[in-house]
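**Q** My structure file run_34.txt, compact mmCIF, C-alpha atoms and all ligand atoms, is below:
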# COMPACT_ATOMS: atom_id res chain seq x y z
CA MET A 974 0.00 0.00 0.00
CA LYS A 975 1.17 3.48 -0.80
CA LEU A 976 -0.38 5.39 2.07
CA SER A 977 -1.36 8.88 1.02
CA PHE A 978 -3.02 11.91 2.58
CA ARG A 979 -5.01 14.79 1.13
CA TRP A 980 -3.65 18.30 1.50
CA TYR A 981 -5.56 21.38 0.32
CA GLY A 982 -2.49 23.45 -0.42
CA GLU A 983 -0.89 26.34 1.37
CA GLU A 984 -4.22 27.56 2.76
CA ASP A 985 -4.78 24.24 4.55
CA LYS A 986 -4.67 24.46 8.35
CA VAL A 987 -3.34 20.91 8.32
CA THR A 988 0.25 21.59 7.34
CA LEU A 989 2.66 19.33 5.46
CA GLU A 990 4.92 19.33 8.52
CA LYS A 991 2.12 17.75 10.54
CA ILE A 992 1.18 15.27 7.82
CA ARG A 993 4.78 14.14 7.58
CA GLN A 994 4.66 12.99 11.21
CA ILE A 995 1.93 10.46 10.48
CA PRO A 996 3.79 7.15 10.13
CA GLY A 997 4.15 5.78 6.63
CA ILE A 998 2.93 8.60 4.41
CA TYR A 999 4.16 7.85 0.89
CA SER A 1000 2.44 10.51 -1.19
CA ILE A 1001 0.53 13.72 -0.78
CA VAL A 1002 -2.76 14.04 -2.65
CA SER A 1003 -3.44 17.59 -3.78
CA ALA A 1004 -4.41 19.94 -6.61
CA VAL A 1005 -3.89 23.41 -8.01
CA TYR A 1006 -6.67 25.75 -6.95
CA ASP A 1007 -5.71 29.07 -8.55
CA VAL A 1008 -7.57 28.89 -11.89
CA PRO A 1009 -11.28 28.33 -12.57
CA VAL A 1010 -12.58 24.86 -13.41
CA GLY A 1011 -11.79 23.99 -17.02
CA GLU A 1012 -8.74 26.21 -17.46
CA VAL A 1013 -5.15 25.11 -17.92
CA TRP A 1014 -3.10 24.90 -14.73
CA LYS A 1015 -0.04 27.15 -14.70
CA LYS A 1016 3.23 25.24 -14.89
CA GLU A 1017 4.63 27.43 -12.11
CA SER A 1018 1.72 26.53 -9.82
CA ILE A 1019 2.25 22.83 -10.39
CA ALA A 1020 5.99 23.22 -9.85
CA ARG A 1021 5.45 25.17 -6.64
CA LEU A 1022 3.04 22.55 -5.30
CA ARG A 1023 5.53 19.81 -6.03
CA GLN A 1024 8.37 21.77 -4.51
CA LYS A 1025 6.45 22.42 -1.28
CA VAL A 1026 5.61 18.73 -0.93
CA GLU A 1027 9.16 17.61 -1.67
CA GLU A 1028 10.69 20.18 0.66
CA ALA A 1029 8.52 18.68 3.39
CA GLY A 1030 10.05 15.30 2.62
CA MET A 1031 7.18 13.67 0.70
CA ARG A 1032 6.14 12.98 -2.89
CA LEU A 1033 3.33 14.34 -5.05
CA GLU A 1034 2.12 11.39 -7.10
CA VAL A 1035 -1.65 11.79 -6.86
CA ILE A 1036 -3.83 14.68 -8.00
CA GLU A 1037 -7.36 15.00 -6.60
CA SER A 1038 -9.00 16.39 -8.58
CA ILE A 1039 -8.66 17.81 -12.04
CA PRO A 1040 -12.34 18.81 -12.16
CA VAL A 1041 -14.38 18.23 -15.31
CA HIS A 1042 -16.12 21.34 -16.67
CA GLU A 1043 -19.94 21.18 -16.82
CA ASP A 1044 -19.85 21.74 -20.62
CA ILE A 1045 -18.09 18.37 -20.95
CA LYS A 1046 -20.70 16.60 -18.82
CA LEU A 1047 -23.45 18.39 -20.73
CA GLY A 1048 -21.88 17.65 -24.09
CA ALA A 1049 -22.50 21.25 -24.98
CA GLY A 1050 -20.95 24.64 -25.38
CA ASP A 1051 -17.20 24.66 -25.40
CA ARG A 1052 -16.62 21.01 -24.58
CA ASP A 1053 -13.85 20.46 -27.13
CA ARG A 1054 -11.85 23.37 -25.80
CA TYR A 1055 -12.32 22.17 -22.21
CA ILE A 1056 -11.30 18.63 -23.17
CA GLU A 1057 -8.17 19.98 -24.85
CA ASN A 1058 -7.41 21.93 -21.66
CA TYR A 1059 -7.97 18.76 -19.66
CA CYS A 1060 -5.48 16.87 -21.83
CA GLU A 1061 -2.97 19.66 -21.39
CA ASN A 1062 -3.40 19.45 -17.60
CA ILE A 1063 -2.71 15.72 -17.75
CA ARG A 1064 0.50 16.38 -19.70
CA ARG A 1065 1.58 19.08 -17.28
CA VAL A 1066 1.04 17.15 -14.08
CA ALA A 1067 2.62 14.04 -15.61
CA GLU A 1068 5.68 16.08 -16.39
CA ALA A 1069 5.84 17.00 -12.70
CA GLY A 1070 5.91 13.34 -11.69
CA VAL A 1071 2.21 12.68 -11.05
CA LYS A 1072 1.13 9.07 -11.60
CA CYS A 1073 -2.58 9.10 -10.79
CA ILE A 1074 -5.43 11.58 -11.35
CA CYS A 1075 -8.72 11.36 -9.46
CA TYR A 1076 -11.80 13.05 -10.94
CA ASN A 1077 -15.56 12.64 -10.98
CA PHE A 1078 -18.39 12.95 -13.48
CA MET A 1079 -21.24 14.09 -11.22
CA PRO A 1080 -23.51 16.75 -12.71
CA VAL A 1081 -23.24 20.04 -10.79
CA PHE A 1082 -22.91 18.68 -7.27
CA ASP A 1083 -19.89 16.82 -5.97
CA TRP A 1084 -20.33 15.05 -2.61
CA THR A 1085 -23.54 16.10 -0.92
CA ARG A 1086 -24.43 16.13 2.77
CA THR A 1087 -27.26 17.69 4.74
CA GLU A 1088 -25.33 18.16 7.97
CA LEU A 1089 -21.66 18.97 8.45
CA PHE A 1090 -21.58 18.87 12.24
CA ARG A 1091 -23.85 16.09 13.49
CA VAL A 1092 -22.91 15.35 17.08
CA LEU A 1093 -22.17 11.70 17.78
CA PRO A 1094 -22.69 10.16 21.24
CA ASP A 1095 -18.97 10.55 22.07
CA GLY A 1096 -19.12 14.32 21.43
CA SER A 1097 -17.28 14.26 18.08
CA THR A 1098 -18.98 15.76 15.03
CA THR A 1099 -19.47 14.19 11.64
CA LEU A 1100 -20.97 14.59 8.16
CA ALA A 1101 -24.44 13.17 7.60
CA TYR A 1102 -27.00 12.76 4.83
CA ASP A 1103 -30.76 12.73 5.29
CA GLN A 1104 -32.74 11.89 2.16
CA ARG A 1105 -35.84 13.68 3.45
CA GLN A 1106 -33.98 16.99 3.59
CA VAL A 1107 -32.54 16.52 0.11
CA ASP A 1108 -36.00 15.75 -1.24
CA ALA A 1109 -37.26 19.01 0.24
CA VAL A 1110 -34.77 21.10 -1.76
CA ASN A 1111 -35.45 22.22 -5.29
CA PRO A 1112 -32.36 23.92 -6.68
CA LEU A 1113 -34.46 25.24 -9.58
CA LYS A 1114 -36.36 27.44 -7.16
CA THR A 1115 -34.10 30.22 -5.95
CA ASP A 1116 -36.63 31.31 -3.37
CA SER A 1117 -36.53 27.93 -1.67
CA ASP A 1118 -35.22 28.73 1.79
CA LEU A 1119 -33.36 25.49 2.24
CA THR A 1120 -29.70 25.36 1.34
CA LEU A 1121 -27.46 22.42 1.91
CA PRO A 1122 -24.28 23.06 3.85
CA GLY A 1123 -22.06 21.24 1.36
CA TRP A 1124 -23.19 23.34 -1.60
CA ASP A 1125 -20.47 24.65 -3.81
CA ALA A 1126 -19.91 28.23 -2.73
CA SER A 1127 -18.34 29.06 -6.10
CA TYR A 1128 -21.85 29.26 -7.62
CA SER A 1129 -24.34 31.93 -6.65
CA ARG A 1130 -27.95 30.84 -6.17
CA GLU A 1131 -28.87 32.15 -9.64
CA GLU A 1132 -25.91 30.47 -11.33
CA LEU A 1133 -26.75 27.21 -9.64
CA LYS A 1134 -30.29 27.47 -10.87
CA SER A 1135 -29.21 28.05 -14.45
CA ILE A 1136 -26.67 25.18 -14.41
CA VAL A 1137 -29.23 22.77 -12.98
CA ALA A 1138 -31.69 24.00 -15.60
CA ARG A 1139 -29.25 23.06 -18.37
CA TYR A 1140 -29.52 19.44 -17.21
CA GLN A 1141 -33.30 19.28 -17.41
CA ASN A 1142 -33.38 17.12 -20.54
CA MET A 1143 -30.31 15.10 -19.69
CA THR A 1144 -30.90 11.38 -19.49
CA GLU A 1145 -28.52 8.85 -18.01
CA GLU A 1146 -27.84 7.53 -21.53
CA LYS A 1147 -26.85 10.98 -22.74
CA LEU A 1148 -24.52 11.37 -19.76
CA TRP A 1149 -22.94 8.01 -20.66
CA ASP A 1150 -22.39 9.28 -24.22
CA ASN A 1151 -20.74 12.43 -22.94
CA LEU A 1152 -18.53 10.43 -20.60
CA ALA A 1153 -17.48 8.16 -23.48
CA TYR A 1154 -16.72 11.20 -25.66
CA PHE A 1155 -14.52 12.60 -22.89
CA LEU A 1156 -12.70 9.31 -22.19
CA GLU A 1157 -12.03 8.60 -25.87
CA ARG A 1158 -10.07 11.84 -26.03
CA VAL A 1159 -8.48 11.95 -22.60
CA ILE A 1160 -7.42 8.35 -21.99
CA PRO A 1161 -5.02 8.14 -24.99
CA VAL A 1162 -3.21 11.18 -23.59
CA SER A 1163 -2.96 9.58 -20.15
CA VAL A 1164 -1.60 6.41 -21.77
CA SER A 1165 1.08 8.33 -23.61
CA CYS A 1166 2.02 10.22 -20.42
CA GLY A 1167 2.06 7.12 -18.22
CA VAL A 1168 -0.66 8.44 -15.91
CA ASN A 1169 -3.58 6.47 -14.51
CA MET A 1170 -7.02 8.07 -14.56
CA ALA A 1171 -9.18 7.13 -11.58
CA ILE A 1172 -12.84 8.12 -11.65
CA HIS A 1173 -14.44 8.65 -8.24
CA GLU A 1174 -17.87 7.15 -7.64
CA ASP A 1175 -20.84 9.46 -7.18
CA ASP A 1176 -21.41 10.44 -3.57
CA PRO A 1177 -24.04 9.45 -2.60
CA CYS A 1178 -24.31 6.81 -5.30
CA TRP A 1179 -27.82 7.65 -6.51
CA SER A 1180 -29.56 10.45 -8.35
CA ILE A 1181 -30.21 13.65 -6.37
CA PHE A 1182 -32.39 16.64 -7.34
CA GLY A 1183 -33.46 14.72 -10.44
CA LEU A 1184 -29.95 14.95 -11.89
CA PRO A 1185 -28.56 11.79 -13.46
CA ARG A 1186 -25.75 9.94 -11.68
CA ILE A 1187 -24.10 6.94 -13.32
CA ILE A 1188 -20.94 5.94 -11.42
CA THR A 1189 -22.95 4.22 -8.76
CA ASN A 1190 -22.78 0.42 -8.69
CA GLU A 1191 -21.09 -2.69 -10.02
CA ALA A 1192 -23.03 -2.94 -13.29
CA ASN A 1193 -22.25 0.70 -14.08
CA LEU A 1194 -18.58 0.38 -13.13
CA ASP A 1195 -18.37 -2.62 -15.49
CA ARG A 1196 -19.89 -0.50 -18.22
CA PHE A 1197 -17.56 2.39 -17.41
CA LEU A 1198 -14.42 0.25 -17.66
CA LYS A 1199 -15.48 -1.03 -21.06
CA LEU A 1200 -15.99 2.45 -22.51
CA VAL A 1201 -12.25 2.61 -23.06
CA ASP A 1202 -10.93 -0.77 -22.11
CA VAL A 1203 -7.32 -0.07 -21.19
CA PRO A 1204 -5.62 -0.27 -17.78
CA ASN A 1205 -5.11 3.51 -17.54
CA ASN A 1206 -8.88 3.98 -17.52
CA GLY A 1207 -9.57 2.99 -13.94
CA ILE A 1208 -11.33 3.91 -10.75
CA THR A 1209 -10.89 5.43 -7.32
CA LEU A 1210 -12.58 2.88 -5.10
CA CYS A 1211 -14.33 5.08 -2.55
CA THR A 1212 -15.67 2.79 0.17
CA GLY A 1213 -17.93 5.45 1.67
CA SER A 1214 -19.49 6.54 -1.62
CA LEU A 1215 -20.32 2.97 -2.64
CA GLY A 1216 -21.00 1.74 0.88
CA CYS A 1217 -23.64 4.31 1.77
CA SER A 1218 -26.00 2.22 -0.34
CA GLY A 1219 -26.73 -1.16 1.19
CA HIS A 1220 -26.91 -2.55 -2.37
CA ASN A 1221 -23.17 -2.39 -3.02
CA ASP A 1222 -20.93 -5.18 -1.79
CA VAL A 1223 -17.79 -3.09 -1.47
CA ALA A 1224 -15.41 -5.96 -0.57
CA LYS A 1225 -16.59 -7.91 -3.61
CA MET A 1226 -16.09 -4.91 -5.86
CA ALA A 1227 -12.65 -4.28 -4.33
CA ALA A 1228 -11.65 -7.86 -5.13
CA LYS A 1229 -13.03 -7.82 -8.64
CA TYR A 1230 -11.61 -4.52 -9.84
CA ALA A 1231 -8.27 -5.03 -8.08
CA ALA A 1232 -7.90 -8.40 -9.85
CA MET A 1233 -8.59 -6.60 -13.14
CA GLY A 1234 -5.85 -4.07 -12.30
CA ARG A 1235 -8.33 -1.22 -12.65
CA ILE A 1236 -8.21 0.30 -9.14
CA HIS A 1237 -5.63 3.06 -9.08
CA PHE A 1238 -6.58 4.83 -5.87
CA VAL A 1239 -8.61 3.94 -2.80
CA HIS A 1240 -10.51 6.19 -0.39
CA MET A 1241 -11.02 4.26 2.87
CA ARG A 1242 -13.86 5.54 5.03
CA ASN A 1243 -16.56 3.95 7.16
CA VAL A 1244 -20.23 4.91 7.16
CA ALA A 1245 -23.32 3.86 9.08
CA VAL A 1246 -26.24 3.17 6.77
CA LEU A 1247 -29.39 4.53 8.47
CA PRO A 1248 -33.08 4.29 7.55
CA GLU A 1249 -33.18 7.92 6.35
CA GLY A 1250 -29.68 8.08 4.86
CA PHE A 1251 -26.23 7.66 6.35
CA GLU A 1252 -23.65 9.24 8.61
CA GLU A 1253 -19.90 9.07 8.51
CA ARG A 1254 -18.11 7.21 11.28
CA ALA A 1255 -14.58 6.62 12.53
CA HIS A 1256 -12.56 4.28 10.30
CA PRO A 1257 -12.57 0.97 12.25
CA SER A 1258 -15.10 -1.67 11.15
CA PHE A 1259 -16.86 -1.81 14.52
CA CYS A 1260 -17.74 1.89 14.26
CA GLY A 1261 -19.93 1.59 11.16
CA THR A 1262 -21.56 -0.63 8.56
CA LEU A 1263 -18.52 -1.46 6.44
CA ASP A 1264 -16.10 -4.33 7.03
CA MET A 1265 -12.91 -2.38 6.48
CA TYR A 1266 -10.73 -5.43 7.10
CA ALA A 1267 -12.56 -7.42 4.43
CA ILE A 1268 -12.11 -4.57 1.93
CA MET A 1269 -8.38 -4.18 2.66
CA LYS A 1270 -7.89 -7.94 2.49
CA ALA A 1271 -9.75 -8.13 -0.82
CA LEU A 1272 -7.47 -5.41 -2.21
CA TYR A 1273 -4.34 -7.11 -0.91
CA ASP A 1274 -5.28 -10.62 -2.02
CA ASN A 1275 -6.03 -9.38 -5.51
CA GLY A 1276 -2.70 -7.69 -5.98
CA PHE A 1277 -3.50 -4.07 -5.21
CA ARG A 1278 -0.41 -2.23 -3.94
CA GLY A 1279 -1.30 1.32 -4.95
CA TYR A 1280 -2.37 4.58 -3.34
CA ILE A 1281 -4.77 4.46 -0.41
CA ARG A 1282 -5.79 7.42 1.66
CA PRO A 1283 -7.87 7.70 4.79
CA ASP A 1284 -10.96 9.59 3.69
CA HIS A 1285 -13.10 11.96 5.73
CA GLY A 1286 -12.55 12.11 9.44
CA ARG A 1287 -14.80 13.33 12.24
CA MET A 1288 -13.87 16.45 14.17
CA ILE A 1289 -12.40 15.33 17.48
CA TRP A 1290 -10.43 16.79 20.38
CA GLY A 1291 -11.82 20.26 19.74
CA GLU A 1292 -10.33 20.60 16.29
CA THR A 1293 -12.01 23.02 13.90
CA GLY A 1294 -11.50 23.31 10.18
CA ARG A 1295 -12.62 21.97 6.83
CA PRO A 1296 -15.42 19.45 7.48
CA GLY A 1297 -14.16 15.94 6.86
CA TYR A 1298 -10.57 17.09 6.50
CA GLY A 1299 -9.20 17.78 9.94
CA LEU A 1300 -5.92 16.24 11.04
CA TYR A 1301 -6.68 14.13 14.08
CA ASP A 1302 -9.33 11.68 13.00
CA ARG A 1303 -7.77 11.21 9.57
CA ALA A 1304 -4.46 10.48 11.29
CA LEU A 1305 -6.20 7.88 13.45
CA GLY A 1306 -7.61 6.48 10.22
CA ALA A 1307 -4.14 6.32 8.67
CA SER A 1308 -2.81 4.46 11.69
CA TYR A 1309 -5.66 2.00 11.52
CA LEU A 1310 -4.97 1.39 7.82
CA ASN A 1311 -1.28 0.82 8.61
CA GLY A 1312 -2.33 -1.72 11.23
CA LEU A 1313 -4.71 -3.56 8.96
CA TRP A 1314 -2.13 -3.71 6.20
CA GLU A 1315 0.65 -4.98 8.45
CA ALA A 1316 -1.57 -7.72 9.84
CA ILE A 1317 -2.75 -8.78 6.39
CA GLU A 1318 0.79 -8.79 5.01
CA LYS A 1319 2.22 -10.78 7.89
CA ASN A 1320 -0.51 -13.36 7.62
CA ASP A 1321 0.22 -13.94 3.96
C1 LIG A 1401 -14.86 14.56 -0.94
C2 LIG A 1401 -14.08 13.95 -2.02
C3 LIG A 1401 -14.63 14.31 -3.37
C4 LIG A 1401 -13.65 13.89 -4.45
C5 LIG A 1401 -14.13 14.18 -5.82
C6 LIG A 1401 -13.20 13.57 -6.84
O1 LIG A 1401 -14.41 14.70 0.12
O2 LIG A 1401 -13.99 12.59 -1.88
O3 LIG A 1401 -14.85 15.67 -3.43
O4 LIG A 1401 -12.47 14.56 -4.28
O5 LIG A 1401 -15.40 13.70 -6.05
O6 LIG A 1401 -13.28 14.31 -8.01
What does the file become when written as structure tokens?

**A**
Amino acid sequence: MKLSFRWYGEEDKVTLEKIRQIPGIYSIVSAVYDVPVGEVWKKESIARLRQKVEEAGMRLEVIESIPVHEDIKLGAGDRDRYIENYCENIRRVAEAGVKCICYNFMPVFDWTRTELFRVLPDGSTTLAYDQRQVDAVNPLKTDSDLTLPGWDASYSREELKSIVARYQNMTEEKLWDNLAYFLERVIPVSVSCGVNMAIHEDDPCWSIFGLPRIITNEANLDRFLKLVDVPNNGITLCTGSLGCSGHNDVAKMAAKYAAMGRIHFVHMRNVAVLPEGFEERAHPSFCGTLDMYAIMKALYDNGFRGYIRPDHGRMIWGETGRPGYGLYDRALGASYLNGLWEAIEKND
């Protein structure tokens, strides 16, 4: 396992110096945040990011994310220009030593939660999702007084409304076509640069606000991998995104896609599936619904030795900061992953 850890750049309260003290960190996972979605990343920004990480004694081998512009997902507007920019970003990060790029293909909304600070019985706070609250929100109505805390602050209410409106006639099949169009152009570039592309599953893994979502389950991941059937076209196995639906057998999927050599990155996170949705929990298996040991073992037994990062953590010990991305609980998660891996390896 190449243990990795997400860092949000120089603005991040969780500094590289602190991350370095977590045992076993192999690579930092980061991105360039100084240009709008869809534009080409400046070479100097990529070089500076790499330099910061290397000065702190680590590597920068994973980018999360190079975001996909909405025109590409919509198959409209300036998609060819944005795809060309995307290809150029792949070339540029590859030149800086990056080996894996995580991205997603969710219309408008990335991960969605209804609560960012749900208090758990032990006094820690966590991210939670309640379907009833999501169903009560209509992003097409700007006067609706409900806003979700995880909503992308880069869009104003009016902008959000008009972007959602552009998806009104979008079917799942059309989204599949647009994804294929994107992959057919981007994957050959990643092959020639020696970079693995790793799509992240939709979070949660079902349609929200009537918008199509397709990277959601085993049948759809099978279909995805066949769109461009080469090893570089792979996935980020996100245990929490898949595991928040009781329908996904995450350990089985880990085994299957690892054996195919198509998992390039893993997000390890535990969730508790609840009647009205789900809430995020501490990493160990006994804290939530997922069998984290079974997932790690499935990865190991099927030859996966790549990048794994602890995913969201709770806020504990009074820490404040970016929800899901504090230091302490993610560091506990990293230690737990180290422990699982050592035990699995030694039992082999
Ligand atoms: C949330 C993350 C996602 C992920 C993107 C990948 O915490 O897991 O935002 O980075 O979906 O593009």

**Q** Give me, as a list in words, all polymer residues having an atom no more than 12 Å from A:Phe1259, counting all atoms listed in the file and skipping those fewer than 4 positions away in the same chain.

**A** Asn1243, Val1244, Ala1245, Arg1254, Ala1255, Leu1263, Asp1264, Met1265 and Tyr1266 of chain A

**Q** Name the closest residue to ligand LIG 1401 (chain A) among the candidates A:Ser1018, A:Asn1193, A:Thr1212, A:Ser1038; distances are taken between atoms, counting all atoms listed in the file.

**A**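 Going through A:Ser1018, A:Asn1193, A:Thr1212, A:Ser1038 one by one, the smallest distance to ligand LIG 1401 (chain A) is for A:Ser1038.
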
**Q** Give the residues close to ligand LIG 1401 (chain A), within 10 Å, counting only C-alpha atoms and all ligand atoms; write them as a ChimeraX atom specification.

**A** /A:979,1002-1004,1036-1041,1074-1079,1082-1085,1171-1176,1209,1211,1213-1214,1240,1242,1284-1286,1296-1298

**Q** Using atom CA of A:His1042 and atom CA of A:Gly1011 as the two end points, give the distance in Å to one decimal.

**A**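 Pair atom CA of A:His1042 / atom CA of A:Gly1011 returns 5.1 Å.
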
**Q** With 12 Å as the threshold, what does the neighbourhood of (-16.0, 18.5, -25.2) contain in terms of residues, counting only C-alpha atoms? Coordinates are those of the file; answer as a PyMOL selection string.

**A** chain A and resi 1011+1041-1060+1150-1159

**Q** Could you state the separation of atom CA of A:Ala1228 and atom CA of A:Glu1191 in Å, given to one decimal place?

**A**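 Atom CA of A:Glu1191 lies 11.8 Å from atom CA of A:Ala1228.
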
**Q** Show me, as a VMD selection string, the residues that have an atom within 7 Å of A:Tyr999 when counting all atoms listed in the file, minus same-chain residues fewer than 5 positions from it.

**A** chain A and resid 975 to 977 1031 to 1032

**Q** Report, in Å to a single decimal, how far apart atom CA of A:Lys1016 and atom CA of A:Ile1001 are.

**A** 18.4 Å

**Q** So, counting all atoms listed in the file, which residue among A:Ile998, A:Ile1187, A:Gly1250, A:Arg993 is closest to A:Gln1106?

**A**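 The shortest atom-to-atom distance to A:Gln1106 comes from A:Gly1250.
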
**Q** For a quick check of understanding, using only C-alpha atoms, which of A:Val1239, A:Ile1181, A:Leu1313, A:Ala1029 has the smallest distance to A:Arg1105?

**A**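 Once distances to A:Arg1105 are computed over only C-alpha atoms, the minimum belongs to A:Ile1181.
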
**Q** Would you please work out which residue, of A:Val1035, A:Ala1101, A:Ile1208, A:Ala1227, is nearest to A:Leu1272 when using all atoms listed in the file?

**A**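 Closest to A:Leu1272, using all atoms listed in the file: A:Ala1227.
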
**Q** Select, from A:Gly1279, A:Tyr1102, A:Glu1088, A:Lys1199, the residue with the minimum atom-to-atom distance to A:Pro1248, counting all atoms listed in the file.

**A** A:Tyr1102

**Q** Taking into account all atoms listed in the file, which residue in the set A:Ile995, A:Val1223, A:Ile1281, A:Met1269 is nearest to A:Glu1315?

**A**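 Using all atoms listed in the file, A:Glu1315 sits closest to A:Met1269.
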
**Q** Taking the point (-27.1, 17.5, 0.5) as given in the file, collect each protein or nucleic acid residue that comes within 6 Å of it, counting only C-alpha atoms, and present the set as a VMD selection string.

**A** chain A and resid 1085 to 1087 1107 1121

**Q** Residues within 8 Å of A:Leu1184, please, as a count of residues only. Count all atoms listed in the file; anything in the same chain fewer than 5 positions from it doesn't count.

**A** 5

**Q** Got a sec: who's within 9 Å of A:Asn1275, counting all atoms listed in the file, leaving out chain neighbours fewer than 3 positions off, as a VMD selection string?

**A** chain A and resid 1227 to 1234 1270 to 1272

**Q** Would you pick out the contacts of A:Gly1207 at 8 Å or less, using only C-alpha atoms, so that residues sharing its chain but fewer than 5 positions from it are not included, and give the list as number ranges by chain?

**A** A: 1169-1172, 1198, 1235-1237
